[in-house]
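Chemist: One structure is given below, represented as structure tokens, and several questions about it will come after.
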Amino acid sequence: MSKEQTKDLLRFLKPFPDDVTERALWLREFVWNLYPESNELIYDNYNALAFGWSPTDRLGHTFCSIAAGRSSNNVHFGFYWGSQIADPKNILLGEGNQYRYILVKNKDDFPKTYIKKLLKEAYANSLAKVKNKKQLMHGATIIKSISAVKRPSKRVTAKKKR
């Protein structure tokens with residue numbers, strides 16, 4: 001099962017500060033535990049590392065994602081088709097035609113129960129977009145792109161006390 005396939009993702013996370021890596025991996029575990037039959041799609045891009053889950057190997061079927069910004073070190077938990085899901089508490093950010101997200105600053109403030117409800121609707125919406133059921137796959141990690149050139153991340157390490 002792909003949840004254990006972390007070698008490449010850990011390599012892509014290496015330039016990020018430890019707290020960004022910890023949040024991203026914690027969020028990854030959260031999603032894998034809820035949707036173990038989904039597929040993880042990884043995009044190591046110029047300005048961000050993004051990985052999301054889809055019932056197929058197609059970006060257009062992605063229902064949620066995690067993104068770590070290379071220059072901001074922000075961690076987003078997002079919904080690829082977030083504009084199409086209900087958000088009665090209005091916590092999702094974004095005003096475009098599609099993507100909605102929350103900034104995840106720490107694990108303790110992450111609204112797990114509410115996000116689980118949003119995930120359920122986002123997953124159903126994603127499945128409805130799959131017209132050819134032969135595209136469905138189960139539990140794979142797929143690296144979709146690796147940028148040759150990357151914006152440097154602001155790696156911050158804790159200073160030692162003397």
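Chain lettering (A, B, ...) mirrors the order of the structure tokens, residue numbering begins at 1 for each chain separately, and ligand numbering begins at 1 in order of display.
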Quick one: residues within 10 Å of range 131-145 of chain A, only C-alpha atoms, excluding same-chain residues fewer than 6 positions away - as number ranges by chain?

Modeler: A: 1-6, 8-9, 32, 35-45, 51-59

Chemist: Just want the 8 Å neighbourhood of range 62-69 of chain A, counted on only C-alpha atoms, with same-chain residues fewer than 4 positions away dropped. Output as an MDAnalysis selection string.

Modeler: chainID A and resid 20 24 27:28 47:55 58 73:81 119 122:123 125:126 153

Chemist: Which of chain A end up as helix (DSSP H, G or I) when DSSP is run on this backbone - answer as an MDAnalysis selection string?

Modeler: chainID A and resid 2:4 7:13 18:34 59:61 82:84 107:109 112:129 133:135

Chemist: So what do you get for CA of Thr113 in chain A versus CA of Ala128 in chain A, distance-wise?

Modeler: 23.4 Å

Chemist: List the neighbours of range 87-95 of chain A out to 12 Å using only C-alpha atoms; skip same-chain residues closer than 2 positions along the sequence, and give me the result as an NGL selection string.

Modeler: :A and (76-85 or 97-104 or 110-111 or 114-119 or 121-122)

Chemist: To one decimal in Å, tell me the separation between CA of Phe12 in chain A and CA of Ile146 in chain A.

Modeler: 9.1 Å

Chemist: CA of Leu10 in chain A and CA of Leu127 in chain A are how many Å apart?

Modeler: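 Between CA of Leu10 in chain A and CA of Leu127 in chain A the gap works out to 28.6 Å.
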